[in-house]
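Source file start_13.csv; content: CSV, C-alpha atoms.
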chain,number,residue,atom,x,y,z
A,1,MET,CA,-6.1,4.9,-23.7
A,2,HIS,CA,-4.8,8.2,-25.0
A,3,CYS,CA,-1.1,8.8,-25.7
A,4,LEU,CA,0.6,10.8,-23.0
A,5,VAL,CA,2.7,12.7,-25.7
A,6,CYS,CA,0.4,13.4,-28.7
A,7,ASN,CA,-3.0,12.5,-27.2
A,8,CYS,CA,-3.7,10.0,-30.0
A,9,SER,CA,-6.5,7.7,-29.0
A,10,GLU,CA,-5.0,4.6,-30.6
A,11,SER,CA,-2.2,2.5,-29.1
A,12,LYS,CA,-1.0,-1.1,-29.4
A,13,VAL,CA,0.0,-3.5,-26.7
A,14,ILE,CA,3.6,-4.5,-27.1
A,15,ASN,CA,4.0,-6.7,-24.1
A,16,SER,CA,1.6,-8.0,-21.5
A,17,ARG,CA,2.2,-10.0,-18.3
A,18,SER,CA,0.8,-10.7,-14.9
A,19,THR,CA,2.4,-9.2,-11.8
A,20,ASP,CA,2.9,-10.9,-8.4
A,21,ASN,CA,-0.1,-8.9,-6.9
A,22,GLY,CA,-2.6,-10.1,-9.6
A,23,ALA,CA,-2.5,-7.0,-11.8
A,24,ILE,CA,-1.7,-7.1,-15.5
A,25,ARG,CA,1.2,-5.0,-16.7
A,26,ARG,CA,0.9,-3.8,-20.3
A,27,ARG,CA,3.6,-2.0,-22.3
A,28,ARG,CA,1.9,0.2,-24.9
A,29,GLU,CA,3.0,2.1,-27.9
A,30,CYS,CA,1.3,5.0,-29.7
A,31,VAL,CA,0.5,4.2,-33.3
A,32,ASN,CA,0.9,7.9,-34.2
A,33,CYS,CA,4.2,9.1,-32.5
A,34,GLY,CA,5.7,5.8,-31.2
A,35,ALA,CA,5.8,6.9,-27.6
A,36,ARG,CA,5.8,4.1,-25.1
A,37,TRP,CA,4.3,3.8,-21.6
A,38,THR,CA,3.2,1.2,-19.1
A,39,THR,CA,-0.3,0.6,-17.7
A,40,TYR,CA,-1.4,-1.6,-14.9
A,41,GLU,CA,-4.8,-3.2,-14.8
A,42,ARG,CA,-6.3,-4.4,-11.5
A,43,ARG,CA,-9.4,-6.3,-10.9
A,44,GLU,CA,-12.1,-4.0,-9.5
A,45,MET,CA,-12.6,-4.8,-5.9
A,46,MET,CA,-15.8,-4.6,-3.9
A,47,PRO,CA,-15.8,-1.1,-2.3
A,48,ILE,CA,-14.9,-1.1,1.4
A,49,MET,CA,-15.9,1.6,3.8
A,50,VAL,CA,-13.5,2.6,6.5
A,51,VAL,CA,-15.1,3.3,9.9
A,52,LYS,CA,-13.1,6.0,11.7
A,53,LYS,CA,-12.8,6.5,15.5
A,54,ASP,CA,-15.6,9.0,15.4
A,55,ASN,CA,-17.9,6.6,13.6
A,56,THR,CA,-17.7,8.5,10.3
A,57,ARG,CA,-17.3,6.4,7.2
A,58,GLN,CA,-15.2,7.0,4.1
A,59,PRO,CA,-14.2,4.9,1.2
A,60,PHE,CA,-11.0,2.9,1.5
A,61,GLU,CA,-8.1,4.7,-0.3
A,62,ARG,CA,-4.9,2.7,-0.8
A,63,GLN,CA,-3.1,6.1,-1.5
A,64,LYS,CA,-3.6,7.1,2.2
A,65,ILE,CA,-1.8,4.0,3.3
A,66,LEU,CA,0.9,4.4,0.8
A,67,LYS,CA,1.4,8.0,1.9
A,68,GLY,CA,1.9,7.0,5.5
A,69,LEU,CA,4.3,4.2,4.5
A,70,ILE,CA,6.4,6.7,2.5
A,71,HIS,CA,6.7,8.9,5.6
A,72,ALA,CA,7.6,5.9,7.8
A,73,THR,CA,10.2,4.5,5.3
A,74,GLN,CA,12.0,7.8,4.5
A,75,LYS,CA,15.7,7.3,4.1
A,76,ARG,CA,15.3,3.5,4.5
A,77,PRO,CA,16.4,1.0,1.8
A,78,ILE,CA,12.8,0.2,0.7
A,79,SER,CA,11.6,0.5,-2.8
A,80,MET,CA,8.2,1.8,-4.0
A,81,THR,CA,7.6,-1.7,-5.4
A,82,ASP,CA,8.0,-3.1,-1.9
A,83,LEU,CA,5.5,-0.5,-0.6
A,84,GLU,CA,3.0,-1.1,-3.4
A,85,SER,CA,3.2,-4.8,-2.7
A,86,LEU,CA,2.7,-4.2,1.1
A,87,VAL,CA,-0.5,-2.2,0.3
A,88,ASP,CA,-1.6,-4.9,-2.1
A,89,ASN,CA,-1.3,-7.5,0.6
A,90,ILE,CA,-3.4,-5.3,3.0
A,91,GLU,CA,-6.0,-4.7,0.3
A,92,ILE,CA,-6.2,-8.5,-0.5
A,93,LYS,CA,-6.6,-9.3,3.2
A,94,LEU,CA,-9.4,-6.8,3.6
A,95,GLN,CA,-11.2,-8.2,0.5
A,96,GLN,CA,-10.9,-11.7,1.7
A,97,GLU,CA,-12.8,-10.8,4.9
A,98,ASN,CA,-15.8,-10.0,2.7
A,99,GLN,CA,-17.0,-7.1,4.9
A,100,ASP,CA,-18.5,-3.9,3.6
A,101,GLU,CA,-17.0,-1.9,6.5
A,102,VAL,CA,-13.7,-2.2,8.3
A,103,PRO,CA,-12.6,-0.3,11.3
A,104,ALA,CA,-9.6,2.1,10.7
A,105,SER,CA,-7.9,0.4,13.6
A,106,LYS,CA,-7.9,-2.9,11.7
A,107,ILE,CA,-6.2,-1.3,8.8
A,108,GLY,CA,-3.6,0.2,11.1
A,109,GLU,CA,-2.9,-3.2,12.7
A,110,LEU,CA,-2.5,-4.8,9.3
A,111,VAL,CA,0.0,-2.1,8.2
A,112,MET,CA,2.1,-2.6,11.4
A,113,GLU,CA,2.0,-6.4,10.9
A,114,GLU,CA,3.3,-6.0,7.3
A,115,LEU,CA,5.8,-3.4,8.2
A,116,LYS,CA,7.2,-5.4,11.1
A,117,THR,CA,8.4,-8.1,8.6
A,118,LEU,CA,9.6,-5.5,6.0
A,119,ASP,CA,11.6,-3.1,8.0
A,120,GLN,CA,11.7,-2.8,11.8
A,121,VAL,CA,12.8,0.9,11.9
A,122,ALA,CA,9.9,1.8,9.6
A,123,TYR,CA,7.6,-0.2,11.9
A,124,VAL,CA,8.7,1.7,14.9
A,125,ARG,CA,8.3,5.0,13.1
A,126,PHE,CA,4.8,4.1,12.0
A,127,ALA,CA,3.8,2.6,15.4
A,128,SER,CA,5.0,5.8,17.2
A,129,VAL,CA,2.5,7.9,15.2
A,130,TYR,CA,-0.2,5.3,15.0
A,131,LYS,CA,-0.1,4.4,18.7
A,132,HIS,CA,0.4,8.0,19.8
A,133,PHE,CA,3.6,7.4,21.9
A,134,GLN,CA,3.6,10.0,24.6
A,135,ASP,CA,7.0,9.4,26.2
A,136,VAL,CA,10.3,7.6,26.0
A,137,ALA,CA,9.0,4.8,28.2
A,138,THR,CA,6.3,3.9,25.7
A,139,PHE,CA,8.8,4.0,22.9
A,140,LYS,CA,11.2,1.7,24.9
A,141,ASN,CA,8.4,-0.8,25.7
A,142,GLU,CA,7.6,-1.1,22.0
A,143,LEU,CA,11.2,-1.6,21.1
A,144,GLU,CA,11.5,-4.3,23.8
A,145,MET,CA,8.4,-6.1,22.4
A,146,LEU,CA,9.9,-5.9,18.9
A,147,GLN,CA,13.2,-7.3,20.1
A,148,ASN,CA,11.4,-10.1,21.9
A,149,ASP,CA,9.4,-11.0,18.8
A,150,THR,CA,12.7,-11.0,16.7
A,151,ASN,CA,14.4,-13.3,19.2
A,152,ASN,CA,11.6,-15.8,19.3
Structure translated into structure tokens:
Amino acid sequence: MHCLVCNCSESKVINSRSTDNGAIRRRRECVNCGARWTTYERREMMPIMVVKKDNTRQPFERQKILKGLIHATQKRPISMTDLESLVDNIEIKLQQENQDEVPASKIGELVMEELKTLDQVAYVRFASVYKHFQDVATFKNELEMLQNDTNN
């Protein structure tokens, strides 16, 4: 690990702890200049291929999910920590299925499931893009289903 300030190759770990999502958080300090930074270590997961609608395959990228979530949660009271945790939950669920390939639609459904419990406005924003809402009636139907789920 190279220092982000002076590029020295030696650092020492000041503090180390586990996070809720199974990663290890380490506080590091450069032995040369004293700069401090945080690293996160995650267990390397089995690679998952995402099968798109056109049957093409590409590696699973958590950053793509995170990017979509950032758009859906703009101007909402949701922290990056919450979004990272949501993506962690999805990744864990996918790993637990022990499948080499996962349809993109499955990932979209998992995202909506997680978003529904985190923030309903963000859920509707994401669902409107994911489900390709064509008119106000479709939007209204989704809101009614969401309201029914909340009331039950």
Skipping near chain neighbours, those fewer than 6 positions away, what residues fall within 10 Å of segment 53-61 of chain A using all atoms listed in the file, listed as a compact mmCIF listing (two decimals) with C-alpha atoms, keeping the file's coordinate frame?
# COMPACT_ATOMS: atom_id res chain seq x y z
CA PRO A 47 -15.80 -1.10 -2.30
CA GLU A 91 -6.00 -4.70 0.30
CA GLU A 101 -17.00 -1.90 6.50
CA VAL A 102 -13.70 -2.20 8.30
CA PRO A 103 -12.60 -0.30 11.30
CA ALA A 104 -9.60 2.10 10.70
CA SER A 105 -7.90 0.40 13.60
CA ILE A 107 -6.20 -1.30 8.80
Can you tell me which residues surround Ser11 of chain A at a distance of at most 6 Å, considering only C-alpha atoms, apart from same-chain residues fewer than 6 positions away, and format the answer as a PDB file with C-alpha atoms, in the coordinates of the input?
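See selection-v9.pdb below for the written result:
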ATOM      1  CA  GLU A  29       3.000   2.100 -27.900  1.00  0.00           C
ATOM      2  CA  CYS A  30       1.300   5.000 -29.700  1.00  0.00           C
ATOM      3  CA  VAL A  31       0.500   4.200 -33.300  1.00  0.00           C
TER       4      VAL A  31
END
- Message: Excluding Leu118 of chain A and its own-chain neighbours fewer than 2 positions away, which residues fall within 12 Å of it when counting all atoms listed in the file? Please give them as a ChimeraX atom specification.
- Response: /A:69,72-73,76-79,82-83,85-86,111-116,120-124
- For atom CA of Asn32 of chain A and atom CA of Met1 of chain A, quote the distance in Å rounded to one decimal. 13.0 Å
- Task: Provide the atom CA of Phe126 of chain A to atom CA of Lys75 of chain A distance in Å, to one decimal place.
- Result: 13.8 Å
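Atom CA of Ile92 of chain A lies 14.8 Å from atom CA of Leu66 of chain A.
Comparing the minimum interatomic distances between Arg36 of chain A and each of A:Arg125, A:Lys131, A:Lys64, A:His2, counting all atoms listed in the file, we find that A:His2 sits nearest.
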- Item | Which of A:Ala127, A:Gln134, A:Gly68, A:Val50 sits closest to Lys106 of chain A [using only C-alpha atoms] | A:Val50
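Distances here use only C-alpha atoms; by that measure, the residue among A:Thr39, A:Asp100, A:Asn89, A:Lys67 closest to Ser18 of chain A is A:Thr39.
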- Item | Using all atoms listed in the file: which of A:Cys8, A:Trp37, A:Met46, A:Arg25 has the shortest distance to Gln95 of chain A | A:Met46
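Using all atoms listed in the file for every distance, the candidate list A:Ile24, A:Ile48, A:Tyr40, A:Ser128 yields A:Ile48 as the residue closest to Glu97 of chain A.
For the choices A:Gly22, A:Tyr130, A:Lys140, A:Cys33, the atom-to-atom distance to Cys3 of chain A is smallest for A:Cys33 when using all atoms listed in the file.
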- Can you pull out every residue within 6 Å of Ala23 of chain A, counting all atoms listed in the file, but drop anything in the same chain fewer than 4 positions away, and send it as a PyMOL selection string? chain A and resi 18-19+41-42
